[in-house]
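> mmCIF, N, CA and C atoms, file final.cif:
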```cif
data_query
#
loop_
_atom_site.group_PDB
_atom_site.id
_atom_site.type_symbol
_atom_site.label_atom_id
_atom_site.label_comp_id
_atom_site.auth_asym_id
_atom_site.auth_seq_id
_atom_site.Cartn_x
_atom_site.Cartn_y
_atom_site.Cartn_z
ATOM 1 N N SER A 137 15.048 2.290 0.342
ATOM 2 C CA SER A 137 14.924 3.730 0.463
ATOM 3 C C SER A 137 16.219 4.391 0.020
ATOM 4 N N ASN A 138 16.091 5.647 -0.348
ATOM 5 C CA ASN A 138 17.251 6.460 -0.653
ATOM 6 C C ASN A 138 16.942 7.896 -0.238
ATOM 7 N N ASP A 139 17.740 8.855 -0.681
ATOM 8 C CA ASP A 139 17.531 10.246 -0.271
ATOM 9 C C ASP A 139 16.225 10.830 -0.799
ATOM 10 N N ASN A 140 15.664 10.249 -1.861
ATOM 11 C CA ASN A 140 14.478 10.811 -2.500
ATOM 12 C C ASN A 140 13.176 10.091 -2.186
ATOM 13 N N LEU A 141 13.247 8.799 -1.925
ATOM 14 C CA LEU A 141 12.004 8.067 -1.709
ATOM 15 C C LEU A 141 12.190 6.923 -0.727
ATOM 16 N N ARG A 142 11.052 6.477 -0.230
ATOM 17 C CA ARG A 142 11.052 5.344 0.689
ATOM 18 C C ARG A 142 9.866 4.450 0.352
ATOM 19 N N ILE A 143 10.122 3.159 0.242
ATOM 20 C CA ILE A 143 9.080 2.164 0.023
ATOM 21 C C ILE A 143 9.231 1.122 1.120
ATOM 22 N N TYR A 144 8.135 0.851 1.797
ATOM 23 C CA TYR A 144 8.135 -0.127 2.874
ATOM 24 C C TYR A 144 7.070 -1.171 2.562
ATOM 25 N N LEU A 145 7.449 -2.443 2.615
ATOM 26 C CA LEU A 145 6.526 -3.556 2.376
ATOM 27 C C LEU A 145 6.501 -4.451 3.600
ATOM 28 N N ALA A 146 5.310 -4.859 3.999
ATOM 29 C CA ALA A 146 5.179 -5.792 5.114
ATOM 30 C C ALA A 146 3.990 -6.703 4.847
ATOM 31 N N LEU A 147 4.167 -7.983 5.062
ATOM 32 C CA LEU A 147 3.098 -8.961 4.883
ATOM 33 C C LEU A 147 2.581 -9.380 6.254
ATOM 34 N N ASP A 148 1.281 -9.250 6.456
ATOM 35 C CA ASP A 148 0.647 -9.655 7.709
ATOM 36 C C ASP A 148 -0.114 -10.956 7.448
ATOM 37 N N THR A 149 0.320 -12.012 8.100
ATOM 38 C CA THR A 149 -0.342 -13.320 7.973
ATOM 39 C C THR A 149 -0.961 -13.753 9.298
ATOM 40 N N LYS A 150 -0.988 -12.869 10.283
ATOM 41 C CA LYS A 150 -1.433 -13.228 11.637
ATOM 42 C C LYS A 150 -2.871 -12.827 11.940
ATOM 43 N N ARG A 151 -3.474 -11.988 11.101
ATOM 44 C CA ARG A 151 -4.825 -11.528 11.400
ATOM 45 C C ARG A 151 -5.776 -11.929 10.283
ATOM 46 N N ARG A 152 -6.793 -11.139 10.036
ATOM 47 C CA ARG A 152 -7.863 -11.509 9.115
ATOM 48 C C ARG A 152 -7.741 -10.864 7.738
ATOM 49 N N GLY A 153 -6.548 -10.650 7.265
ATOM 50 C CA GLY A 153 -6.368 -10.075 5.940
ATOM 51 C C GLY A 153 -6.957 -8.678 5.836
ATOM 52 N N LEU A 154 -7.511 -8.371 4.685
ATOM 53 C CA LEU A 154 -8.064 -7.047 4.438
ATOM 54 C C LEU A 154 -9.283 -6.775 5.312
ATOM 55 N N GLU A 155 -9.935 -7.823 5.776
ATOM 56 C CA GLU A 155 -11.065 -7.646 6.691
ATOM 57 C C GLU A 155 -10.630 -6.856 7.932
ATOM 58 N N GLU A 156 -9.416 -7.096 8.392
ATOM 59 C CA GLU A 156 -8.879 -6.379 9.548
ATOM 60 C C GLU A 156 -8.810 -4.873 9.272
ATOM 61 N N THR A 157 -8.441 -4.505 8.068
ATOM 62 C CA THR A 157 -8.402 -3.090 7.686
ATOM 63 C C THR A 157 -9.800 -2.493 7.754
ATOM 64 N N TYR A 158 -10.773 -3.197 7.220
ATOM 65 C CA TYR A 158 -12.148 -2.695 7.240
ATOM 66 C C TYR A 158 -12.683 -2.577 8.673
ATOM 67 N N LEU A 159 -12.317 -3.509 9.537
ATOM 68 C CA LEU A 159 -12.783 -3.461 10.922
ATOM 69 C C LEU A 159 -12.199 -2.264 11.682
ATOM 70 N N ARG A 160 -11.043 -1.773 11.237
ATOM 71 C CA ARG A 160 -10.380 -0.660 11.916
ATOM 72 C C ARG A 160 -10.410 0.624 11.096
ATOM 73 N N LYS A 161 -11.323 0.749 10.156
ATOM 74 C CA LYS A 161 -11.293 1.867 9.209
ATOM 75 C C LYS A 161 -11.420 3.239 9.860
ATOM 76 N N GLU A 162 -12.026 3.355 11.031
ATOM 77 C CA GLU A 162 -12.140 4.655 11.693
ATOM 78 C C GLU A 162 -10.781 5.187 12.136
ATOM 79 N N ARG A 163 -9.801 4.339 12.260
ATOM 80 C CA ARG A 163 -8.469 4.735 12.734
ATOM 81 C C ARG A 163 -7.586 5.342 11.648
ATOM 82 N N PHE A 164 -8.003 5.252 10.404
ATOM 83 C CA PHE A 164 -7.149 5.706 9.307
ATOM 84 C C PHE A 164 -7.496 7.125 8.875
ATOM 85 N N PRO A 165 -6.490 7.914 8.499
ATOM 86 C CA PRO A 165 -6.760 9.282 8.048
ATOM 87 C C PRO A 165 -7.477 9.327 6.696
ATOM 88 N N ASP A 166 -7.370 8.261 5.956
ATOM 89 C CA ASP A 166 -7.991 8.144 4.642
ATOM 90 C C ASP A 166 -8.474 6.704 4.530
ATOM 91 N N PHE A 167 -9.574 6.488 3.835
ATOM 92 C CA PHE A 167 -10.054 5.123 3.634
ATOM 93 C C PHE A 167 -10.774 5.086 2.296
ATOM 94 N N THR A 168 -10.029 4.697 1.256
ATOM 95 C CA THR A 168 -10.576 4.677 -0.092
ATOM 96 C C THR A 168 -10.386 3.289 -0.689
ATOM 97 N N PRO A 169 -11.462 2.502 -0.856
ATOM 98 C CA PRO A 169 -11.329 1.190 -1.484
ATOM 99 C C PRO A 169 -10.761 1.314 -2.900
ATOM 100 N N SER A 170 -9.994 0.311 -3.285
ATOM 101 C CA SER A 170 -9.323 0.310 -4.581
ATOM 102 C C SER A 170 -9.142 -1.134 -5.032
ATOM 103 N N THR A 171 -8.504 -1.296 -6.160
ATOM 104 C CA THR A 171 -8.163 -2.617 -6.689
ATOM 105 C C THR A 171 -6.765 -2.539 -7.290
ATOM 106 N N VAL A 172 -5.959 -3.563 -7.049
ATOM 107 C CA VAL A 172 -4.611 -3.642 -7.602
ATOM 108 C C VAL A 172 -4.485 -4.987 -8.295
ATOM 109 N N ALA A 173 -4.346 -4.971 -9.607
ATOM 110 C CA ALA A 173 -4.176 -6.200 -10.396
ATOM 111 C C ALA A 173 -5.276 -7.218 -10.089
ATOM 112 N N GLY A 174 -6.494 -6.740 -9.890
ATOM 113 C CA GLY A 174 -7.617 -7.622 -9.624
ATOM 114 C C GLY A 174 -7.800 -8.000 -8.164
ATOM 115 N N TYR A 175 -6.905 -7.576 -7.298
ATOM 116 C CA TYR A 175 -6.994 -7.863 -5.872
ATOM 117 C C TYR A 175 -7.600 -6.664 -5.147
ATOM 118 N N PRO A 176 -8.400 -6.914 -4.115
ATOM 119 C CA PRO A 176 -8.979 -5.798 -3.363
ATOM 120 C C PRO A 176 -7.899 -5.069 -2.559
ATOM 121 N N ALA A 177 -8.041 -3.768 -2.489
ATOM 122 C CA ALA A 177 -7.077 -2.947 -1.754
ATOM 123 C C ALA A 177 -7.812 -1.765 -1.139
ATOM 124 N N VAL A 178 -7.140 -1.110 -0.214
ATOM 125 C CA VAL A 178 -7.673 0.106 0.396
ATOM 126 C C VAL A 178 -6.523 1.086 0.563
ATOM 127 N N ARG A 179 -6.759 2.314 0.110
ATOM 128 C CA ARG A 179 -5.813 3.398 0.369
ATOM 129 C C ARG A 179 -6.120 3.909 1.770
ATOM 130 N N THR A 180 -5.193 3.693 2.702
ATOM 131 C CA THR A 180 -5.484 4.003 4.098
ATOM 132 C C THR A 180 -4.669 5.159 4.656
ATOM 133 N N GLY A 181 -3.763 5.689 3.908
ATOM 134 C CA GLY A 181 -2.903 6.691 4.521
ATOM 135 C C GLY A 181 -2.416 7.780 3.606
ATOM 136 N N LEU A 182 -3.285 8.348 2.785
ATOM 137 C CA LEU A 182 -2.845 9.448 1.932
ATOM 138 C C LEU A 182 -2.544 10.665 2.798
ATOM 139 N N ASN A 183 -1.345 11.204 2.638
ATOM 140 C CA ASN A 183 -0.957 12.434 3.315
ATOM 141 C C ASN A 183 -0.303 13.326 2.271
ATOM 142 N N VAL A 184 -1.066 14.268 1.752
ATOM 143 C CA VAL A 184 -0.580 15.131 0.676
ATOM 144 C C VAL A 184 0.590 15.980 1.149
ATOM 145 N N ARG A 185 0.504 16.478 2.373
ATOM 146 C CA ARG A 185 1.574 17.340 2.892
ATOM 147 C C ARG A 185 2.907 16.593 2.961
ATOM 148 N N LEU A 186 2.862 15.334 3.401
ATOM 149 C CA LEU A 186 4.079 14.527 3.512
ATOM 150 C C LEU A 186 4.408 13.769 2.229
ATOM 151 N N LYS A 187 3.553 13.895 1.227
ATOM 152 C CA LYS A 187 3.740 13.200 -0.049
ATOM 153 C C LYS A 187 3.901 11.698 0.179
ATOM 154 N N SER A 188 2.948 11.131 0.913
ATOM 155 C CA SER A 188 3.040 9.717 1.246
ATOM 156 C C SER A 188 1.668 9.056 1.173
ATOM 157 N N CYS A 189 1.697 7.738 1.115
ATOM 158 C CA CYS A 189 0.463 6.959 1.095
ATOM 159 C C CYS A 189 0.752 5.549 1.577
ATOM 160 N N ARG A 190 -0.256 4.953 2.212
ATOM 161 C CA ARG A 190 -0.201 3.540 2.560
ATOM 162 C C ARG A 190 -1.357 2.857 1.863
ATOM 163 N N VAL A 191 -1.073 1.708 1.283
ATOM 164 C CA VAL A 191 -2.097 0.888 0.635
ATOM 165 C C VAL A 191 -2.071 -0.482 1.295
ATOM 166 N N ASP A 192 -3.250 -0.953 1.692
ATOM 167 C CA ASP A 192 -3.396 -2.298 2.243
ATOM 168 C C ASP A 192 -3.954 -3.164 1.117
ATOM 169 N N LEU A 193 -3.203 -4.172 0.705
ATOM 170 C CA LEU A 193 -3.543 -5.010 -0.441
ATOM 171 C C LEU A 193 -3.892 -6.415 0.039
ATOM 172 N N GLY A 194 -5.129 -6.829 -0.175
ATOM 173 C CA GLY A 194 -5.569 -8.158 0.233
ATOM 174 C C GLY A 194 -5.073 -9.207 -0.749
ATOM 175 N N VAL A 195 -4.056 -9.951 -0.357
ATOM 176 C CA VAL A 195 -3.473 -10.946 -1.257
ATOM 177 C C VAL A 195 -4.035 -12.345 -1.026
ATOM 178 N N ALA A 196 -4.731 -12.548 0.091
ATOM 179 C CA ALA A 196 -5.423 -13.804 0.406
ATOM 180 C C ALA A 196 -6.453 -13.472 1.475
ATOM 181 N N ASP A 197 -7.359 -14.384 1.738
ATOM 182 C CA ASP A 197 -8.391 -14.120 2.743
ATOM 183 C C ASP A 197 -7.793 -13.788 4.108
ATOM 184 N N ASP A 198 -6.650 -14.375 4.413
ATOM 185 C CA ASP A 198 -6.039 -14.166 5.721
ATOM 186 C C ASP A 198 -4.680 -13.465 5.646
ATOM 187 N N GLN A 199 -4.404 -12.773 4.529
ATOM 188 C CA GLN A 199 -3.119 -12.099 4.361
ATOM 189 C C GLN A 199 -3.314 -10.743 3.712
ATOM 190 N N VAL A 200 -2.565 -9.768 4.217
ATOM 191 C CA VAL A 200 -2.596 -8.429 3.632
ATOM 192 C C VAL A 200 -1.160 -7.931 3.488
ATOM 193 N N LEU A 201 -0.888 -7.312 2.355
ATOM 194 C CA LEU A 201 0.413 -6.710 2.103
ATOM 195 C C LEU A 201 0.274 -5.214 2.314
ATOM 196 N N TYR A 202 1.044 -4.673 3.260
ATOM 197 C CA TYR A 202 1.052 -3.237 3.518
ATOM 198 C C TYR A 202 2.151 -2.608 2.673
ATOM 199 N N ILE A 203 1.784 -1.581 1.939
ATOM 200 C CA ILE A 203 2.734 -0.887 1.081
ATOM 201 C C ILE A 203 2.699 0.582 1.465
ATOM 202 N N SER A 204 3.832 1.097 1.924
ATOM 203 C CA SER A 204 3.938 2.514 2.248
ATOM 204 C C SER A 204 4.943 3.149 1.309
ATOM 205 N N PHE A 205 4.574 4.317 0.803
ATOM 206 C CA PHE A 205 5.449 5.037 -0.118
ATOM 207 C C PHE A 205 5.481 6.502 0.279
ATOM 208 N N SER A 206 6.660 7.079 0.278
ATOM 209 C CA SER A 206 6.799 8.520 0.473
ATOM 210 C C SER A 206 7.982 9.001 -0.356
ATOM 211 N N HIS A 207 7.946 10.282 -0.706
ATOM 212 C CA HIS A 207 9.052 10.831 -1.493
ATOM 213 C C HIS A 207 9.344 12.261 -1.065
ATOM 214 N N HIS A 208 10.547 12.681 -1.366
ATOM 215 C CA HIS A 208 11.008 14.022 -1.004
ATOM 216 C C HIS A 208 11.504 14.780 -2.217
ATOM 217 N N SER A 209 11.152 14.317 -3.400
ATOM 218 C CA SER A 209 11.731 14.892 -4.619
ATOM 219 C C SER A 209 10.644 15.393 -5.552
ATOM 220 N N ALA A 210 9.831 16.290 -5.084
ATOM 221 C CA ALA A 210 8.742 16.816 -5.915
ATOM 222 C C ALA A 210 9.283 17.317 -7.244
ATOM 223 N N GLY A 211 8.611 16.922 -8.295
ATOM 224 C CA GLY A 211 8.994 17.378 -9.617
ATOM 225 C C GLY A 211 9.993 16.501 -10.335
ATOM 226 N N ARG A 212 10.684 15.627 -9.648
ATOM 227 C CA ARG A 212 11.687 14.796 -10.324
ATOM 228 C C ARG A 212 11.063 13.659 -11.116
ATOM 229 N N ASN A 213 10.004 13.086 -10.593
ATOM 230 C CA ASN A 213 9.333 11.994 -11.279
ATOM 231 C C ASN A 213 7.829 12.229 -11.177
ATOM 232 N N PRO A 214 7.159 12.474 -12.302
ATOM 233 C CA PRO A 214 5.722 12.751 -12.249
ATOM 234 C C PRO A 214 4.901 11.633 -11.605
ATOM 235 N N GLU A 215 5.383 10.389 -11.666
ATOM 236 C CA GLU A 215 4.660 9.265 -11.048
ATOM 237 C C GLU A 215 4.524 9.451 -9.542
ATOM 238 N N TYR A 216 5.474 10.125 -8.919
ATOM 239 C CA TYR A 216 5.471 10.293 -7.474
ATOM 240 C C TYR A 216 4.408 11.282 -7.004
ATOM 241 N N GLU A 217 3.876 12.088 -7.907
ATOM 242 C CA GLU A 217 2.897 13.099 -7.514
ATOM 243 C C GLU A 217 1.586 12.472 -7.043
ATOM 244 N N ASP A 218 1.321 11.237 -7.392
ATOM 245 C CA ASP A 218 0.179 10.474 -6.878
ATOM 246 C C ASP A 218 0.753 9.349 -6.027
ATOM 247 N N PRO A 219 1.052 9.635 -4.743
ATOM 248 C CA PRO A 219 1.717 8.613 -3.933
ATOM 249 C C PRO A 219 0.916 7.332 -3.773
ATOM 250 N N CYS A 220 -0.419 7.427 -3.731
ATOM 251 C CA CYS A 220 -1.222 6.200 -3.618
ATOM 252 C C CYS A 220 -1.157 5.393 -4.917
ATOM 253 N N GLY A 221 -1.224 6.083 -6.044
ATOM 254 C CA GLY A 221 -1.105 5.404 -7.329
ATOM 255 C C GLY A 221 0.238 4.716 -7.476
ATOM 256 N N PHE A 222 1.292 5.372 -6.990
ATOM 257 C CA PHE A 222 2.609 4.757 -7.083
ATOM 258 C C PHE A 222 2.717 3.565 -6.135
ATOM 259 N N ALA A 223 2.152 3.673 -4.927
ATOM 260 C CA ALA A 223 2.155 2.539 -3.990
ATOM 261 C C ALA A 223 1.419 1.342 -4.605
ATOM 262 N N GLU A 224 0.305 1.623 -5.289
ATOM 263 C CA GLU A 224 -0.426 0.535 -5.955
ATOM 264 C C GLU A 224 0.395 -0.057 -7.095
ATOM 265 N N LYS A 225 1.157 0.760 -7.789
ATOM 266 C CA LYS A 225 2.035 0.256 -8.851
ATOM 267 C C LYS A 225 3.088 -0.681 -8.259
ATOM 268 N N VAL A 226 3.638 -0.320 -7.112
ATOM 269 C CA VAL A 226 4.596 -1.186 -6.428
ATOM 270 C C VAL A 226 3.922 -2.508 -6.054
ATOM 271 N N GLY A 227 2.690 -2.436 -5.551
ATOM 272 C CA GLY A 227 1.950 -3.654 -5.220
ATOM 273 C C GLY A 227 1.769 -4.554 -6.426
ATOM 274 N N LYS A 228 1.449 -3.970 -7.575
ATOM 275 C CA LYS A 228 1.306 -4.763 -8.803
ATOM 276 C C LYS A 228 2.622 -5.426 -9.178
ATOM 277 N N MET A 229 3.735 -4.693 -9.025
ATOM 278 C CA MET A 229 5.047 -5.275 -9.335
ATOM 279 C C MET A 229 5.339 -6.453 -8.415
ATOM 280 N N VAL A 230 4.984 -6.346 -7.144
ATOM 281 C CA VAL A 230 5.179 -7.458 -6.208
ATOM 282 C C VAL A 230 4.350 -8.666 -6.673
ATOM 283 N N LEU A 231 3.078 -8.436 -6.965
ATOM 284 C CA LEU A 231 2.206 -9.535 -7.406
ATOM 285 C C LEU A 231 2.723 -10.172 -8.701
ATOM 286 N N ASP A 232 3.202 -9.350 -9.623
ATOM 287 C CA ASP A 232 3.710 -9.863 -10.901
ATOM 288 C C ASP A 232 4.947 -10.741 -10.707
ATOM 289 N N ASN A 233 5.660 -10.559 -9.601
ATOM 290 C CA ASN A 233 6.905 -11.305 -9.373
ATOM 291 C C ASN A 233 6.742 -12.503 -8.438
ATOM 292 N N LEU A 234 5.529 -12.758 -7.997
ATOM 293 C CA LEU A 234 5.296 -13.944 -7.183
ATOM 294 C C LEU A 234 5.237 -15.185 -8.066
ATOM 295 N N PRO A 235 5.763 -16.302 -7.600
ATOM 296 C CA PRO A 235 5.666 -17.529 -8.395
ATOM 297 C C PRO A 235 4.220 -18.006 -8.431
ATOM 298 N N PRO A 236 3.841 -18.711 -9.493
ATOM 299 C CA PRO A 236 2.468 -19.229 -9.577
ATOM 300 C C PRO A 236 2.190 -20.208 -8.448
ATOM 301 N N THR A 237 0.949 -20.235 -7.989
ATOM 302 C CA THR A 237 0.587 -21.186 -6.937
ATOM 303 C C THR A 237 0.355 -22.555 -7.555
ATOM 304 N N ARG A 238 0.559 -23.559 -6.754
ATOM 305 C CA ARG A 238 0.396 -24.926 -7.265
ATOM 306 C C ARG A 238 -0.944 -25.483 -6.923
#
```
If you took the structure in this file and wrote it as structure tokens, what would it be?

Amino acid sequence: SNDNLRIYLALDTKRRGLEETYLRKERFPDFTPSTVAGYPAVRTGLNVRLKSCRVDLGVADDQVLYISFSHHSAGRNPEYEDPCGFAEKVGKMVLDNLPPTR
């Protein structure tokens, strides 16, 4: 994070992956299924007023990567105007940097 933006990543390996998100979907202010680099995802926290979004990215049947993005610099970077799209872009960058599985 810095003065203009914040990105938070957390990997949950203790529950049921993205299924857990679907089971709790009534609790989220937003619930929009999506896909990131071929992986299932859900936009669960779009907040236009706060310029933030959370994306839950199913990286395995029993693992989900939570990606939260917010910014305070409207107009400085056009990519930030779609906080969910930018959070998904961060998720793709994470996936692109993982080593291949054996």
> Run DSSP on the backbone and grab whatever in chain A lands in strand (DSSP E or B); send it over as a PyMOL selection string.
chain A and resi 141-148+168-172+175-179+183+188-196+199-207
> How would you write, as a ChimeraX atom specification, the residues chosen by the PyMOL selection byres (((chain A and resi 146-161 and name CA) around 12) and name CA) on this structure?
/A:143-145,162-171,175-181,190-204,227,230
> Tell me, in Å to one decimal, how far atom C of Asn138 of chain A is from atom CA of Met229 of chain A.
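Result for atom C of Asn138 of chain A versus atom CA of Met229 of chain A: 19.9 Å, one decimal.
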> Looking at A:Phe222, A:Leu182, A:Ser188, A:Ala173, which one is nearest to His207 of chain A, with distances taken over only N, CA and C atoms?
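Among the listed residues, the smallest separation from His207 of chain A belongs to A:Ser188.
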> List the residues matched by the PyMOL selection byres (((chain A and resi 184 and name CA) around 10) and name CA) in the displayed structure as a PyMOL selection string, ordered by chain and then by residue number.
chain A and resi 181-183+185-189+206+217-220
> Write the selection just made, keeping N, CA and C atoms, as a short mmCIF file (atom, residue, chain, number, x, y, z; two decimals), in the frame of the given file?

```
data_model
loop_
_atom_site.label_atom_id
_atom_site.label_comp_id
_atom_site.auth_asym_id
_atom_site.auth_seq_id
_atom_site.Cartn_x
_atom_site.Cartn_y
_atom_site.Cartn_z
N GLY A 181 -3.76 5.69 3.91
CA GLY A 181 -2.90 6.69 4.52
C GLY A 181 -2.42 7.78 3.61
N LEU A 182 -3.28 8.35 2.78
CA LEU A 182 -2.84 9.45 1.93
C LEU A 182 -2.54 10.66 2.80
N ASN A 183 -1.34 11.20 2.64
CA ASN A 183 -0.96 12.43 3.32
C ASN A 183 -0.30 13.33 2.27
N ARG A 185 0.50 16.48 2.37
CA ARG A 185 1.57 17.34 2.89
C ARG A 185 2.91 16.59 2.96
N LEU A 186 2.86 15.33 3.40
CA LEU A 186 4.08 14.53 3.51
C LEU A 186 4.41 13.77 2.23
N LYS A 187 3.55 13.90 1.23
CA LYS A 187 3.74 13.20 -0.05
C LYS A 187 3.90 11.70 0.18
N SER A 188 2.95 11.13 0.91
CA SER A 188 3.04 9.72 1.25
C SER A 188 1.67 9.06 1.17
N CYS A 189 1.70 7.74 1.12
CA CYS A 189 0.46 6.96 1.10
C CYS A 189 0.75 5.55 1.58
N SER A 206 6.66 7.08 0.28
CA SER A 206 6.80 8.52 0.47
C SER A 206 7.98 9.00 -0.36
N GLU A 217 3.88 12.09 -7.91
CA GLU A 217 2.90 13.10 -7.51
C GLU A 217 1.59 12.47 -7.04
N ASP A 218 1.32 11.24 -7.39
CA ASP A 218 0.18 10.47 -6.88
C ASP A 218 0.75 9.35 -6.03
N PRO A 219 1.05 9.64 -4.74
CA PRO A 219 1.72 8.61 -3.93
C PRO A 219 0.92 7.33 -3.77
N CYS A 220 -0.42 7.43 -3.73
CA CYS A 220 -1.22 6.20 -3.62
C CYS A 220 -1.16 5.39 -4.92
#
```
> Using atom CA of Val172 of chain A and atom CA of Glu215 of chain A as the two end points, give the distance in Å to one decimal.
16.3 Å
> What does the distance from atom C of Arg142 of chain A to atom N of Glu224 of chain A come to in Å, to one decimal?
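Going from atom C of Arg142 of chain A over to atom N of Glu224 of chain A, I get 11.5 Å.
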> As number ranges by chain, please: all residues of chain A that backbone DSSP puts in alpha helix (DSSP H).
A: 154-159, 219-232
> Convert the current residue selection to file output with N, CA and C atoms, as a compact mmCIF listing (two decimals), in the frame of the given file.

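File produced: part_15.txt:
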```txt
# COMPACT_ATOMS: atom_id res chain seq x y z
N LEU A 154 -7.51 -8.37 4.68
CA LEU A 154 -8.06 -7.05 4.44
C LEU A 154 -9.28 -6.78 5.31
N GLU A 155 -9.94 -7.82 5.78
CA GLU A 155 -11.06 -7.65 6.69
C GLU A 155 -10.63 -6.86 7.93
N GLU A 156 -9.42 -7.10 8.39
CA GLU A 156 -8.88 -6.38 9.55
C GLU A 156 -8.81 -4.87 9.27
N THR A 157 -8.44 -4.50 8.07
CA THR A 157 -8.40 -3.09 7.69
C THR A 157 -9.80 -2.49 7.75
N TYR A 158 -10.77 -3.20 7.22
CA TYR A 158 -12.15 -2.70 7.24
C TYR A 158 -12.68 -2.58 8.67
N LEU A 159 -12.32 -3.51 9.54
CA LEU A 159 -12.78 -3.46 10.92
C LEU A 159 -12.20 -2.26 11.68
N PRO A 219 1.05 9.64 -4.74
CA PRO A 219 1.72 8.61 -3.93
C PRO A 219 0.92 7.33 -3.77
N CYS A 220 -0.42 7.43 -3.73
CA CYS A 220 -1.22 6.20 -3.62
C CYS A 220 -1.16 5.39 -4.92
N GLY A 221 -1.22 6.08 -6.04
CA GLY A 221 -1.10 5.40 -7.33
C GLY A 221 0.24 4.72 -7.48
N PHE A 222 1.29 5.37 -6.99
CA PHE A 222 2.61 4.76 -7.08
C PHE A 222 2.72 3.56 -6.14
N ALA A 223 2.15 3.67 -4.93
CA ALA A 223 2.15 2.54 -3.99
C ALA A 223 1.42 1.34 -4.61
N GLU A 224 0.30 1.62 -5.29
CA GLU A 224 -0.43 0.54 -5.96
C GLU A 224 0.40 -0.06 -7.10
N LYS A 225 1.16 0.76 -7.79
CA LYS A 225 2.04 0.26 -8.85
C LYS A 225 3.09 -0.68 -8.26
N VAL A 226 3.64 -0.32 -7.11
CA VAL A 226 4.60 -1.19 -6.43
C VAL A 226 3.92 -2.51 -6.05
N GLY A 227 2.69 -2.44 -5.55
CA GLY A 227 1.95 -3.65 -5.22
C GLY A 227 1.77 -4.55 -6.43
N LYS A 228 1.45 -3.97 -7.58
CA LYS A 228 1.31 -4.76 -8.80
C LYS A 228 2.62 -5.43 -9.18
N MET A 229 3.74 -4.69 -9.02
CA MET A 229 5.05 -5.28 -9.34
C MET A 229 5.34 -6.45 -8.41
N VAL A 230 4.98 -6.35 -7.14
CA VAL A 230 5.18 -7.46 -6.21
C VAL A 230 4.35 -8.67 -6.67
N LEU A 231 3.08 -8.44 -6.96
CA LEU A 231 2.21 -9.54 -7.41
C LEU A 231 2.72 -10.17 -8.70
N ASP A 232 3.20 -9.35 -9.62
CA ASP A 232 3.71 -9.86 -10.90
C ASP A 232 4.95 -10.74 -10.71
```
